[in-house]
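Listing of upload38.tsv; format and content: TSV, C-alpha atoms and all ligand atoms.
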chain	number	residue	atom	x	y	z
Y	29	MET	CA	51.93	-29.27	6.68
Y	30	TYR	CA	53.52	-26.56	8.82
Y	31	LEU	CA	51.13	-23.88	10.01
Y	32	SER	CA	52.57	-20.79	11.67
Y	33	PRO	CA	51.34	-19.97	15.19
Y	34	ARG	CA	49.90	-16.72	13.81
Y	35	PHE	CA	47.90	-18.63	11.15
Y	36	ARG	CA	46.75	-21.21	13.72
Y	37	ALA	CA	45.53	-18.40	15.98
Y	38	PHE	CA	43.74	-16.74	13.06
Y	39	ALA	CA	42.10	-20.02	11.99
Y	40	ALA	CA	40.96	-20.73	15.55
Y	41	GLY	CA	39.52	-17.22	15.80
Y	42	ALA	CA	37.74	-17.56	12.48
Y	43	ALA	CA	36.30	-20.92	13.47
Y	44	LEU	CA	35.12	-19.49	16.78
Y	45	LEU	CA	33.59	-16.52	14.99
Y	46	THR	CA	31.81	-18.77	12.48
Y	47	ALA	CA	30.56	-21.03	15.23
Y	48	SER	CA	29.25	-18.11	17.27
Y	49	ALA	CA	27.68	-16.54	14.19
Y	50	LEU	CA	26.04	-19.86	13.45
Y	51	ALA	CA	24.89	-20.21	17.03
Y	52	TYR	CA	23.52	-16.66	16.94
Y	53	ALA	CA	21.71	-17.34	13.64
Y	54	GLN	CA	20.27	-20.55	15.09
Y	55	GLN	CA	18.71	-18.52	17.92
Y	56	LEU	CA	17.03	-16.14	15.46
Y	57	PRO	CA	13.54	-16.90	14.10
Y	58	ASN	CA	13.19	-17.86	10.43
Y	59	VAL	CA	11.08	-15.47	8.34
Y	60	VAL	CA	10.19	-15.84	4.66
Y	61	ILE	CA	9.42	-12.73	2.61
Y	62	LEU	CA	7.03	-13.39	-0.30
Y	63	ALA	CA	7.29	-10.47	-2.72
Y	64	THR	CA	4.46	-9.58	-5.11
Y	65	GLY	CA	5.44	-6.09	-6.40
Y	66	GLY	CA	3.86	-2.71	-5.70
Y	67	THR	CA	5.39	0.59	-4.65
Y	68	ILE	CA	7.50	-1.05	-1.97
Y	69	ALA	CA	9.34	-2.50	-4.98
Y	70	GLY	CA	8.98	0.72	-6.95
Y	71	ALA	CA	11.59	3.09	-8.40
Y	72	GLY	CA	11.37	6.75	-9.40
Y	73	ALA	CA	13.62	8.88	-11.65
Y	74	SER	CA	14.77	11.10	-8.79
Y	75	ALA	CA	14.60	11.42	-5.02
Y	76	ALA	CA	12.07	14.21	-5.49
Y	77	ASN	CA	9.65	11.74	-7.13
Y	78	SER	CA	7.64	10.51	-4.16
Y	79	ALA	CA	4.47	10.03	-6.22
Y	80	THR	CA	5.75	9.61	-9.79
Y	81	TYR	CA	7.48	6.26	-10.22
Y	82	ALA	CA	7.16	2.77	-11.65
Y	83	ALA	CA	5.80	0.14	-9.25
Y	84	ALA	CA	6.99	-3.49	-9.19
Y	85	LYS	CA	10.60	-3.03	-10.34
Y	86	VAL	CA	12.93	-3.99	-7.43
Y	87	PRO	CA	13.41	-7.74	-6.87
Y	88	VAL	CA	13.02	-9.23	-3.39
Y	89	ASP	CA	16.72	-10.03	-2.98
Y	90	LYS	CA	17.52	-6.33	-3.55
Y	91	LEU	CA	14.86	-5.32	-1.01
Y	92	ILE	CA	16.47	-7.62	1.56
Y	93	ALA	CA	20.03	-6.54	0.67
Y	94	GLY	CA	18.96	-2.92	1.13
Y	95	LEU	CA	17.89	-3.63	4.72
Y	96	PRO	CA	20.90	-5.22	6.53
Y	97	GLU	CA	19.29	-4.40	9.90
Y	98	ILE	CA	16.85	-7.31	9.49
Y	99	SER	CA	19.73	-9.81	9.75
Y	100	LYS	CA	19.80	-9.00	13.49
Y	101	VAL	CA	16.04	-9.70	13.76
Y	102	ALA	CA	15.58	-12.94	11.83
Y	103	ASN	CA	17.09	-15.33	9.33
Y	104	VAL	CA	15.34	-13.99	6.24
Y	105	LYS	CA	14.77	-15.72	2.91
Y	106	GLY	CA	13.00	-14.10	-0.05
Y	107	GLU	CA	10.75	-15.52	-2.78
Y	108	GLN	CA	9.50	-13.51	-5.76
Y	109	VAL	CA	5.94	-14.80	-6.17
Y	110	PHE	CA	4.85	-12.04	-8.61
Y	111	GLN	CA	6.17	-8.66	-9.71
Y	112	ILE	CA	2.97	-6.67	-10.37
Y	113	ALA	CA	1.17	-3.53	-9.30
Y	114	SER	CA	-1.60	-4.74	-7.04
Y	115	GLU	CA	-4.45	-3.03	-8.93
Y	116	SER	CA	-3.78	-5.81	-11.45
Y	117	PHE	CA	-4.22	-8.64	-8.92
Y	118	THR	CA	-6.63	-11.39	-9.97
Y	119	ASN	CA	-8.39	-14.21	-8.12
Y	120	ASP	CA	-5.72	-16.56	-9.49
Y	121	ASN	CA	-3.01	-14.39	-7.89
Y	122	LEU	CA	-4.88	-14.58	-4.58
Y	123	LEU	CA	-5.10	-18.38	-4.77
Y	124	THR	CA	-1.45	-18.84	-5.77
Y	125	LEU	CA	-0.19	-16.54	-3.02
Y	126	ALA	CA	-2.43	-18.01	-0.30
Y	127	LYS	CA	-1.43	-21.59	-1.21
Y	128	ARG	CA	2.26	-20.63	-0.93
Y	129	VAL	CA	1.67	-18.93	2.43
Y	130	SER	CA	-0.22	-21.99	3.65
Y	131	ALA	CA	2.52	-24.39	2.55
Y	132	LEU	CA	5.25	-22.32	4.21
Y	133	SER	CA	3.21	-21.98	7.42
Y	134	LYS	CA	3.29	-25.79	7.75
Y	135	GLN	CA	7.09	-25.93	7.60
Y	136	GLY	CA	8.83	-26.40	10.96
Y	137	ASP	CA	11.71	-24.18	9.83
Y	138	VAL	CA	9.40	-21.19	9.14
Y	139	ASP	CA	8.38	-19.05	12.13
Y	140	GLY	CA	6.71	-16.16	10.32
Y	141	ILE	CA	5.80	-14.90	6.85
Y	142	VAL	CA	5.92	-11.42	5.34
Y	143	VAL	CA	4.10	-10.55	2.11
Y	144	THR	CA	5.27	-7.38	0.33
Y	145	HIS	CA	2.40	-6.04	-1.75
Y	146	GLY	CA	1.08	-3.00	-3.61
Y	147	THR	CA	-1.11	-0.79	-1.45
Y	148	ASP	CA	-4.07	-0.54	-3.84
Y	149	THR	CA	-5.52	-3.98	-3.09
Y	150	LEU	CA	-3.40	-4.84	-0.04
Y	151	GLU	CA	-6.50	-4.77	2.16
Y	152	GLU	CA	-8.19	-7.40	-0.03
Y	153	THR	CA	-5.26	-9.80	-0.01
Y	154	ALA	CA	-4.70	-9.35	3.73
Y	155	TYR	CA	-8.36	-10.15	4.43
Y	156	PHE	CA	-8.32	-13.13	2.05
Y	157	LEU	CA	-5.28	-14.64	3.81
Y	158	ASN	CA	-6.98	-13.92	7.16
Y	159	LEU	CA	-9.94	-16.05	6.07
Y	160	VAL	CA	-8.27	-19.07	4.48
Y	161	VAL	CA	-4.76	-19.73	5.89
Y	162	ARG	CA	-5.07	-22.16	8.82
Y	163	THR	CA	-2.12	-21.16	11.01
Y	164	THR	CA	-1.33	-19.28	14.24
Y	165	LYS	CA	2.09	-18.21	12.93
Y	166	PRO	CA	2.37	-14.47	12.21
Y	167	ILE	CA	1.54	-13.47	8.64
Y	168	VAL	CA	2.32	-9.80	7.97
Y	169	VAL	CA	1.35	-7.94	4.79
Y	170	VAL	CA	3.29	-4.75	4.07
Y	171	GLY	CA	3.53	-2.08	1.41
Y	172	SER	CA	4.66	1.49	1.06
Y	173	MET	CA	3.25	4.75	-0.23
Y	174	ARG	CA	6.59	6.01	-1.62
Y	175	PRO	CA	9.20	4.15	-3.70
Y	176	GLY	CA	12.53	3.35	-2.07
Y	177	THR	CA	14.23	5.92	-4.34
Y	178	ALA	CA	12.24	8.85	-2.85
Y	179	LEU	CA	13.15	11.25	-0.05
Y	180	SER	CA	11.67	9.97	3.24
Y	181	ALA	CA	10.71	6.69	1.65
Y	182	ASP	CA	8.53	4.64	4.00
Y	183	GLY	CA	9.11	1.14	2.59
Y	184	ALA	CA	12.32	0.27	4.43
Y	185	LEU	CA	10.93	0.95	7.91
Y	186	ASN	CA	7.60	-0.67	7.02
Y	187	LEU	CA	9.47	-3.81	5.90
Y	188	TYR	CA	11.75	-3.76	8.96
Y	189	ASP	CA	8.63	-3.54	11.15
Y	190	ALA	CA	6.94	-6.35	9.21
Y	191	VAL	CA	9.92	-8.70	9.73
Y	192	ASN	CA	10.02	-7.81	13.43
Y	193	VAL	CA	6.33	-8.58	13.86
Y	194	ALA	CA	6.58	-11.79	11.79
Y	195	ALA	CA	9.45	-12.88	14.04
Y	196	SER	CA	7.49	-12.11	17.24
Y	197	LYS	CA	5.87	-14.80	19.36
Y	198	ASP	CA	3.43	-12.18	20.73
Y	199	ALA	CA	2.09	-11.69	17.17
Y	200	MET	CA	0.94	-15.32	17.00
Y	201	GLY	CA	-2.77	-16.07	16.86
Y	202	LYS	CA	-3.75	-12.47	16.05
Y	203	GLY	CA	-4.73	-13.18	12.46
Y	204	VAL	CA	-3.13	-11.57	9.43
Y	205	LEU	CA	-1.50	-8.26	10.31
Y	206	VAL	CA	-0.55	-5.15	8.33
Y	207	THR	CA	2.41	-2.99	9.44
Y	208	MET	CA	2.42	0.46	7.89
Y	209	ASN	CA	3.43	3.85	9.30
Y	210	ASP	CA	4.47	2.48	12.76
Y	211	GLU	CA	1.04	0.85	13.28
Y	212	ILE	CA	0.02	-2.80	13.47
Y	213	ASN	CA	-3.47	-3.21	12.01
Y	214	SER	CA	-5.71	-6.21	11.57
Y	215	GLY	CA	-5.82	-7.46	7.99
Y	216	ARG	CA	-9.60	-7.68	8.43
Y	217	ASP	CA	-10.21	-4.12	9.59
Y	218	VAL	CA	-7.62	-2.06	7.73
Y	219	SER	CA	-8.21	-0.29	4.45
Y	220	LYS	CA	-6.39	2.25	2.30
Y	221	SER	CA	-8.21	5.41	3.35
Y	222	ILE	CA	-5.93	8.11	1.92
Y	223	ASN	CA	-4.52	7.67	-1.57
Y	224	ILE	CA	-1.40	9.85	-1.31
Y	225	LYS	CA	-0.09	9.97	2.29
Y	226	THR	CA	2.18	7.58	4.23
Y	227	GLU	CA	-0.54	7.42	6.92
Y	228	ALA	CA	-2.87	5.84	4.32
Y	229	PHE	CA	-3.91	2.68	6.16
Y	230	LYS	CA	-6.62	3.07	8.77
Y	231	SER	CA	-9.15	0.91	10.59
Y	232	GLN	CA	-12.32	2.55	11.86
Y	233	TRP	CA	-11.98	0.31	14.97
Y	234	GLY	CA	-8.37	1.43	15.54
Y	235	ALA	CA	-5.02	-0.26	15.20
Y	236	LEU	CA	-4.22	-3.38	17.23
Y	237	GLY	CA	-0.98	-1.74	18.33
Y	238	MET	CA	2.21	0.03	17.36
Y	239	ILE	CA	5.75	-1.02	16.64
Y	240	VAL	CA	8.59	1.27	17.68
Y	241	GLU	CA	12.27	0.40	17.14
Y	242	GLY	CA	11.40	-3.25	16.65
Y	243	LYS	CA	9.26	-3.61	19.77
Y	244	ASN	CA	5.53	-4.41	19.53
Y	245	TYR	CA	3.09	-2.51	21.76
Y	246	TRP	CA	-0.34	-4.23	21.70
Y	247	PHE	CA	-3.55	-2.47	22.84
Y	248	ARG	CA	-6.29	-4.79	21.56
Y	249	ALA	CA	-6.88	-8.12	19.83
Y	250	PRO	CA	-9.24	-9.18	16.99
Y	251	VAL	CA	-12.67	-10.57	17.98
Y	252	LYS	CA	-13.77	-11.93	14.60
Y	253	ARG	CA	-12.89	-15.48	13.41
Y	254	HIS	CA	-9.68	-15.81	11.43
Y	255	THR	CA	-6.84	-18.13	10.30
Y	256	ALA	CA	-6.69	-21.16	12.59
Y	257	GLN	CA	-10.30	-20.70	13.78
Y	258	SER	CA	-11.68	-20.27	10.26
Y	259	GLU	CA	-14.09	-22.79	8.72
Y	260	PHE	CA	-12.46	-22.02	5.34
Y	261	ASN	CA	-9.19	-23.56	4.17
Y	262	ILE	CA	-7.14	-22.53	1.14
Y	263	ASP	CA	-5.90	-26.12	0.83
Y	264	GLU	CA	-9.49	-27.11	-0.06
Y	265	ILE	CA	-10.20	-24.18	-2.44
Y	266	THR	CA	-9.34	-24.55	-6.14
Y	267	ALA	CA	-11.34	-21.66	-7.60
Y	268	LEU	CA	-13.21	-18.55	-6.44
Y	269	PRO	CA	-16.77	-17.78	-7.63
Y	270	GLN	CA	-17.65	-14.64	-9.58
Y	271	VAL	CA	-18.70	-11.83	-7.19
Y	272	ASP	CA	-18.80	-8.23	-8.40
Y	273	ILE	CA	-19.65	-4.81	-6.97
Y	274	ALA	CA	-22.31	-2.34	-8.12
Y	275	TYR	CA	-21.78	1.25	-6.97
Y	276	GLY	CA	-24.83	3.18	-5.79
Y	277	TYR	CA	-25.31	6.89	-6.57
Y	278	GLY	CA	-28.12	9.33	-7.46
Y	279	SER	CA	-29.90	8.27	-10.73
Y	280	VAL	CA	-28.02	4.95	-10.88
Y	281	PRO	CA	-29.72	2.83	-13.62
Y	282	ALA	CA	-31.11	-0.60	-12.65
Y	283	SER	CA	-29.40	-1.92	-15.79
Y	284	SER	CA	-25.97	-1.56	-14.16
Y	285	TYR	CA	-27.02	-4.02	-11.42
Y	286	GLU	CA	-28.49	-6.36	-14.03
Y	287	ALA	CA	-25.21	-6.37	-15.99
Y	288	ILE	CA	-23.02	-6.78	-12.92
Y	289	GLY	CA	-25.20	-9.43	-11.30
Y	290	LYS	CA	-25.52	-11.60	-14.46
Y	291	GLY	CA	-23.59	-14.86	-14.05
Y	292	SER	CA	-22.39	-13.92	-10.56
Y	293	LYS	CA	-22.80	-16.01	-7.41
Y	294	ALA	CA	-23.35	-12.77	-5.49
Y	295	ILE	CA	-23.57	-9.06	-6.10
Y	296	ILE	CA	-22.20	-6.56	-3.59
Y	297	HIS	CA	-24.23	-3.36	-3.41
Y	298	ALA	CA	-22.00	-0.38	-2.50
Y	299	GLY	CA	-24.99	1.58	-1.35
Y	300	THR	CA	-25.48	5.20	-0.42
Y	301	GLY	CA	-25.97	5.85	3.30
Y	302	ASN	CA	-26.67	2.69	5.24
Y	303	GLY	CA	-26.53	0.51	2.13
Y	304	SER	CA	-29.72	2.07	0.76
Y	305	VAL	CA	-31.21	0.78	-2.50
Y	306	ALA	CA	-32.92	3.13	-4.98
Y	307	ASP	CA	-36.59	2.17	-5.56
Y	308	ARG	CA	-35.96	1.58	-9.28
Y	309	VAL	CA	-33.19	-0.93	-8.45
Y	310	VAL	CA	-35.17	-3.11	-5.99
Y	311	PRO	CA	-37.01	-5.17	-8.66
Y	312	THR	CA	-33.71	-5.94	-10.41
Y	313	LEU	CA	-32.16	-7.17	-7.17
Y	314	GLN	CA	-35.26	-9.24	-6.42
Y	315	LYS	CA	-35.00	-10.83	-9.89
Y	316	LEU	CA	-31.28	-11.57	-9.36
Y	317	ARG	CA	-32.11	-13.12	-5.98
Y	318	ALA	CA	-34.85	-15.22	-7.58
Y	319	ASP	CA	-32.23	-16.39	-10.11
Y	320	GLY	CA	-30.04	-17.62	-7.24
Y	321	VAL	CA	-27.68	-14.64	-6.97
Y	322	GLN	CA	-26.97	-13.64	-3.36
Y	323	VAL	CA	-27.59	-9.91	-2.75
Y	324	ILE	CA	-25.25	-8.38	-0.17
Y	325	ARG	CA	-25.74	-4.82	1.01
Y	326	SER	CA	-22.55	-2.92	1.84
Y	327	ALA	CA	-22.09	0.86	1.76
Y	328	ARG	CA	-19.99	3.40	-0.10
Y	329	VAL	CA	-19.81	5.30	3.22
Y	330	PRO	CA	-16.47	4.29	4.84
Y	331	GLY	CA	-17.52	4.43	8.52
Y	332	GLY	CA	-20.13	2.58	10.59
Y	333	PHE	CA	-21.90	-0.65	9.56
Y	334	VAL	CA	-24.98	-1.67	7.58
Y	335	LEU	CA	-27.99	-2.52	9.77
Y	336	ARG	CA	-30.16	-5.48	8.83
Y	337	ASN	CA	-33.89	-4.72	8.24
Y	338	ALA	CA	-33.40	-0.99	8.94
Y	339	GLU	CA	-34.09	0.97	5.74
Y	340	GLN	CA	-34.43	-2.19	3.62
Y	341	PRO	CA	-36.58	-5.30	4.44
Y	342	ASP	CA	-33.71	-7.78	4.20
Y	343	ASP	CA	-35.73	-10.62	5.72
Y	344	LYS	CA	-38.52	-10.09	3.19
Y	345	TYR	CA	-36.15	-9.87	0.18
Y	346	ASP	CA	-33.80	-12.62	1.49
Y	347	TRP	CA	-30.83	-10.25	1.28
Y	348	VAL	CA	-27.62	-10.25	3.36
Y	349	VAL	CA	-25.92	-7.27	5.03
Y	350	ALA	CA	-22.12	-6.89	4.97
Y	351	HIS	CA	-22.01	-5.58	8.55
Y	352	ASP	CA	-18.96	-3.25	8.81
Y	353	LEU	CA	-17.14	-4.61	5.75
Y	354	ASN	CA	-16.53	-2.17	2.90
Y	355	PRO	CA	-17.60	-3.36	-0.58
Y	356	GLN	CA	-14.18	-4.71	-1.59
Y	357	LYS	CA	-13.82	-6.70	1.64
Y	358	ALA	CA	-17.42	-7.89	1.44
Y	359	ARG	CA	-16.59	-9.25	-2.02
Y	360	ILE	CA	-13.59	-11.18	-0.63
Y	361	LEU	CA	-15.67	-12.74	2.14
Y	362	ALA	CA	-18.55	-13.55	-0.22
Y	363	MET	CA	-16.19	-15.29	-2.67
Y	364	VAL	CA	-14.64	-17.39	0.10
Y	365	ALA	CA	-17.99	-18.20	1.75
Y	366	LEU	CA	-19.59	-19.20	-1.56
Y	367	THR	CA	-16.94	-21.82	-2.22
Y	368	LYS	CA	-19.37	-23.73	0.04
Y	369	PRO	CA	-23.12	-24.29	-0.70
Y	370	LEU	CA	-24.38	-21.83	1.92
Y	371	SER	CA	-27.97	-20.67	2.40
Y	372	SER	CA	-28.65	-16.93	2.82
Y	373	ALA	CA	-29.01	-17.48	6.57
Y	374	ASP	CA	-25.64	-19.25	6.67
Y	375	LEU	CA	-24.09	-16.52	4.55
Y	376	GLN	CA	-25.42	-13.88	6.94
Y	377	ARG	CA	-23.90	-15.84	9.86
Y	378	VAL	CA	-20.55	-15.76	8.07
Y	379	PHE	CA	-20.81	-11.98	7.69
Y	380	TRP	CA	-21.52	-11.64	11.43
Y	381	GLU	CA	-18.61	-13.93	12.41
Y	382	TYR	CA	-15.67	-13.06	10.07
J	1	LIG	N1	-0.10	0.82	-7.96
J	1	LIG	C1	0.04	0.64	-6.52
J	1	LIG	C2	-0.03	-0.85	-6.21
J	1	LIG	O1	0.76	-1.64	-6.74
J	1	LIG	C3	1.33	1.14	-6.02
J	1	LIG	C4	1.41	1.00	-4.52
J	1	LIG	O2	0.94	1.93	-3.86
J	1	LIG	O3	1.87	-0.02	-4.02
J	1	LIG	O4	-0.89	-1.22	-5.41
Please re-express this file's structure in structure tokens.
Amino acid sequence: MYLSPRFRAFAAGAALLTASALAYAQQLPNVVILATGGTIAGAGASAANSATYAAAKVPVDKLIAGLPEISKVANVKGEQVFQIASESFTNDNLLTLAKRVSALSKQGDVDGIVVTHGTDTLEETAYFLNLVVRTTKPIVVVGSMRPGTALSADGALNLYDAVNVAASKDAMGKGVLVTMNDEINSGRDVSKSINIKTEAFKSQWGALGMIVEGKNYWFRAPVKRHTAQSEFNIDEITALPQVDIAYGYGSVPASSYEAIGKGSKAIIHAGTGNGSVADRVVPTLQKLRADGVQVIRSARVPGGFVLRNAEQPDDKYDWVVAHDLNPQKARILAMVALTKPLSSADLQRVFWEY
């Protein structure tokens, strides 16, 4: 078949271009984005709606298509694991997501994983993955405070940062990370501290670093056990025990602790001050402990950490302190720890170490 010189030149150029594009793609890391919903997948009626919108609307492929810049950072594939607002997350969602993350982390053609997630319980999921996924590959959880349809939406840059960090070798072995608002935080330490600002995610111990124009700037590393050094493994966990939280406040009735503790493996006390327990509640907690329920003292106060045997005789009552973990994170750790038959002393060790 006759081919004109012009066509032959074009075909050669196209082949060269395809080959170089392929070669370029082969140099790029492979990152999988697991989408679960939230505001980062949200949509509002107008650009002026930065706080009024529907969460969990935009599918992962559209999120990726809306961010062509990431094609220069990594070969990205998306999976829609759920499409829910994260306040509706359940233990089953946590297990399903963590098992998928674990399976992908074992694949040789996966270099990093991003999880897009609602901000309301993002801190719980990030900590859960930090405890049970045995890998050193970067796992980055990301959300946004404004929907992509809003003026100055934060989701696109947060997602771009998350893919950059997930594609970075220097992010390996640092545990699960959270990239929001230019910062890289530890999934263990970070929590949603402001409910209506893009600077919502804070850690009282500070961020691990920052990411600016796709470059990571690290200033510290986690000291608590996580991921590959964890004694817990999602591949061995089939169910999570019941652990609930009782909120302490003036005139709190002992009956609320009785109701919350009934049938639970542990009760988390979100105490006033340093995890203080009202006199009228102590007998109820002692009864729950005698019935085999672990009693874990956390605090409703966001900063600091709960001291053992300070205002409460933890040794005498056989109670555990949650250290610096807020009540919702203490619940995550207690659920994971109590998938094993741990004594109170062992459980307290786990709260010191993770
Ligand atoms: N409802 C919130 C959630 O899904 C929206 C968000 O901030 O992501 O967690």
Determine, using all atoms listed in the file, which residues of chain Y have any atom at most 9 Å from an atom of ligand LIG 1 (chain J), and tabulate each with its shortest atom pair and distance in Å to one decimal place, rows ordered by chain and then rising number, as a Markdown table.
| residue | atom | partner | partner_atom | distance |
| --- | --- | --- | --- | --- |
| Y:Thr64 | CA | J:LIG1 | O1 | 8.9 |
| Y:Gly65 | CA | J:LIG1 | O1 | 6.5 |
| Y:Gly66 | CA | J:LIG1 | O1 | 3.4 |
| Y:Thr67 | CA | J:LIG1 | O3 | 3.6 |
| Y:Ile68 | CA | J:LIG1 | O3 | 6.1 |
| Y:Ala69 | CA | J:LIG1 | O3 | 7.9 |
| Y:Gly70 | CA | J:LIG1 | C3 | 7.7 |
| Y:Ala82 | CA | J:LIG1 | C3 | 8.3 |
| Y:Ala83 | CA | J:LIG1 | C3 | 5.6 |
| Y:Ala84 | CA | J:LIG1 | O1 | 6.9 |
| Y:Ile112 | CA | J:LIG1 | O1 | 6.6 |
| Y:Ala113 | CA | J:LIG1 | O1 | 3.2 |
| Y:Ser114 | CA | J:LIG1 | O1 | 3.9 |
| Y:Glu115 | CA | J:LIG1 | O4 | 5.3 |
| Y:Ser116 | CA | J:LIG1 | O1 | 7.8 |
| Y:Phe117 | CA | J:LIG1 | O4 | 8.9 |
| Y:His145 | CA | J:LIG1 | O3 | 6.5 |
| Y:Gly146 | CA | J:LIG1 | O3 | 3.1 |
| Y:Thr147 | CA | J:LIG1 | O4 | 4.0 |
| Y:Asp148 | CA | J:LIG1 | O4 | 3.6 |
| Y:Thr149 | CA | J:LIG1 | O4 | 5.9 |
| Y:Leu150 | CA | J:LIG1 | O4 | 6.9 |
| Y:Gly171 | CA | J:LIG1 | O3 | 6.0 |
| Y:Ser172 | CA | J:LIG1 | O3 | 6.0 |
| Y:Met173 | CA | J:LIG1 | O2 | 5.1 |
| Y:Arg174 | CA | J:LIG1 | O2 | 7.3 |
| Y:Pro175 | CA | J:LIG1 | O3 | 8.4 |
| Y:Asn223 | CA | J:LIG1 | O2 | 8.2 |
| Y:Ile224 | CA | J:LIG1 | O2 | 8.6 |
Selection as a ChimeraX atom specification: residues within 7 Å of (15.1, -1.2, -4.6), counting only C-alpha atoms: /Y:69-71,86,90-91,176
I'd like to know which of Y:Val329, Y:Gln356, Y:Asp307, Y:Val334 is closest to Ala274 of chain Y, using all atoms listed in the file.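 Using all atoms listed in the file, the shortest distance to Ala274 of chain Y belongs to Y:Gln356.
Remark: for Lys357 of chain Y, the closest of the candidate residues Y:Asp272, Y:Asp210, Y:Asp137, Y:Asp189 is Y:Asp272 (distances computed over all atoms listed in the file).
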Straight-line distance linking atom CA of Lys100 of chain Y with atom CA of Gly41 of chain Y, stated in Å to one decimal: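 Taking atom CA of Lys100 of chain Y and atom CA of Gly41 of chain Y, their separation equals 21.5 Å.
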Would you mind listing, for every residue of segment 137-179 of chain Y within 10 Å of segment 362-370 of chain Y, the two atoms forming the shortest contact and the distance between them in Å to one decimal, using only C-alpha atoms, sorted by chain and ascending residue number, as a Markdown table?
| residue | atom | partner | partner_atom | distance |
| --- | --- | --- | --- | --- |
| Y:Phe156 | CA | Y:Val364 | CA | 7.9 |
| Y:Leu159 | CA | Y:Val364 | CA | 7.7 |
| Y:Val160 | CA | Y:Val364 | CA | 7.9 |
Preceding selection exported with C-alpha atoms as a PDB file, in the frame of the given file:
ATOM      1  CA  PHE Y 156      -8.320 -13.130   2.050  1.00  0.00           C
ATOM      2  CA  LEU Y 159      -9.940 -16.050   6.070  1.00  0.00           C
ATOM      3  CA  VAL Y 160      -8.270 -19.070   4.480  1.00  0.00           C
TER       4      VAL Y 160
END
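With distances restricted to all atoms listed in the file, Y:Tyr188 is the closest residue to Ala102 of chain Y from Y:Tyr188, Y:Trp233, Y:Tyr277, Y:Phe260.
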Please output segment 137-147 of chain Y, rebuilt to include N, CA, C and O atoms, as a PDB file, in the frame of the given file.
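Writing the result to selection03.pdb gives the following:
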ATOM      1  N   ASP Y 137      10.596 -25.153   9.840  1.00  0.00           N
ATOM      2  CA  ASP Y 137      11.710 -24.180   9.830  1.00  0.00           C
ATOM      3  C   ASP Y 137      11.240 -22.785   9.393  1.00  0.00           C
ATOM      4  O   ASP Y 137      12.046 -21.947   9.009  1.00  0.00           O
ATOM      5  N   VAL Y 138       9.941 -22.535   9.428  1.00  0.00           N
ATOM      6  CA  VAL Y 138       9.400 -21.190   9.140  1.00  0.00           C
ATOM      7  C   VAL Y 138       8.616 -20.719  10.366  1.00  0.00           C
ATOM      8  O   VAL Y 138       7.677 -21.378  10.796  1.00  0.00           O
ATOM      9  N   ASP Y 139       9.037 -19.574  10.916  1.00  0.00           N
ATOM     10  CA  ASP Y 139       8.380 -19.050  12.130  1.00  0.00           C
ATOM     11  C   ASP Y 139       7.395 -17.925  11.818  1.00  0.00           C
ATOM     12  O   ASP Y 139       6.476 -17.656  12.588  1.00  0.00           O
ATOM     13  N   GLY Y 140       7.600 -17.282  10.675  1.00  0.00           N
ATOM     14  CA  GLY Y 140       6.710 -16.160  10.320  1.00  0.00           C
ATOM     15  C   GLY Y 140       6.846 -15.858   8.847  1.00  0.00           C
ATOM     16  O   GLY Y 140       7.853 -16.209   8.216  1.00  0.00           O
ATOM     17  N   ILE Y 141       5.821 -15.213   8.281  1.00  0.00           N
ATOM     18  CA  ILE Y 141       5.800 -14.900   6.850  1.00  0.00           C
ATOM     19  C   ILE Y 141       5.460 -13.446   6.628  1.00  0.00           C
ATOM     20  O   ILE Y 141       4.546 -12.911   7.287  1.00  0.00           O
ATOM     21  N   VAL Y 142       6.209 -12.798   5.752  1.00  0.00           N
ATOM     22  CA  VAL Y 142       5.920 -11.420   5.340  1.00  0.00           C
ATOM     23  C   VAL Y 142       5.526 -11.448   3.866  1.00  0.00           C
ATOM     24  O   VAL Y 142       6.135 -12.175   3.072  1.00  0.00           O
ATOM     25  N   VAL Y 143       4.488 -10.682   3.516  1.00  0.00           N
ATOM     26  CA  VAL Y 143       4.100 -10.550   2.110  1.00  0.00           C
ATOM     27  C   VAL Y 143       4.257  -9.076   1.735  1.00  0.00           C
ATOM     28  O   VAL Y 143       3.604  -8.199   2.326  1.00  0.00           O
ATOM     29  N   THR Y 144       5.161  -8.776   0.797  1.00  0.00           N
ATOM     30  CA  THR Y 144       5.270  -7.380   0.330  1.00  0.00           C
ATOM     31  C   THR Y 144       4.310  -7.240  -0.853  1.00  0.00           C
ATOM     32  O   THR Y 144       4.222  -8.130  -1.700  1.00  0.00           O
ATOM     33  N   HIS Y 145       3.583  -6.111  -0.892  1.00  0.00           N
ATOM     34  CA  HIS Y 145       2.400  -6.040  -1.750  1.00  0.00           C
ATOM     35  C   HIS Y 145       2.118  -4.583  -2.118  1.00  0.00           C
ATOM     36  O   HIS Y 145       2.456  -3.666  -1.367  1.00  0.00           O
ATOM     37  N   GLY Y 146       1.529  -4.350  -3.265  1.00  0.00           N
ATOM     38  CA  GLY Y 146       1.080  -3.000  -3.610  1.00  0.00           C
ATOM     39  C   GLY Y 146      -0.013  -2.582  -2.637  1.00  0.00           C
ATOM     40  O   GLY Y 146      -0.745  -3.407  -2.090  1.00  0.00           O
ATOM     41  N   THR Y 147      -0.149  -1.265  -2.455  1.00  0.00           N
ATOM     42  CA  THR Y 147      -1.110  -0.790  -1.450  1.00  0.00           C
ATOM     43  C   THR Y 147      -2.544  -0.755  -1.988  1.00  0.00           C
ATOM     44  O   THR Y 147      -3.483  -0.750  -1.201  1.00  0.00           O
TER      45      THR Y 147
END
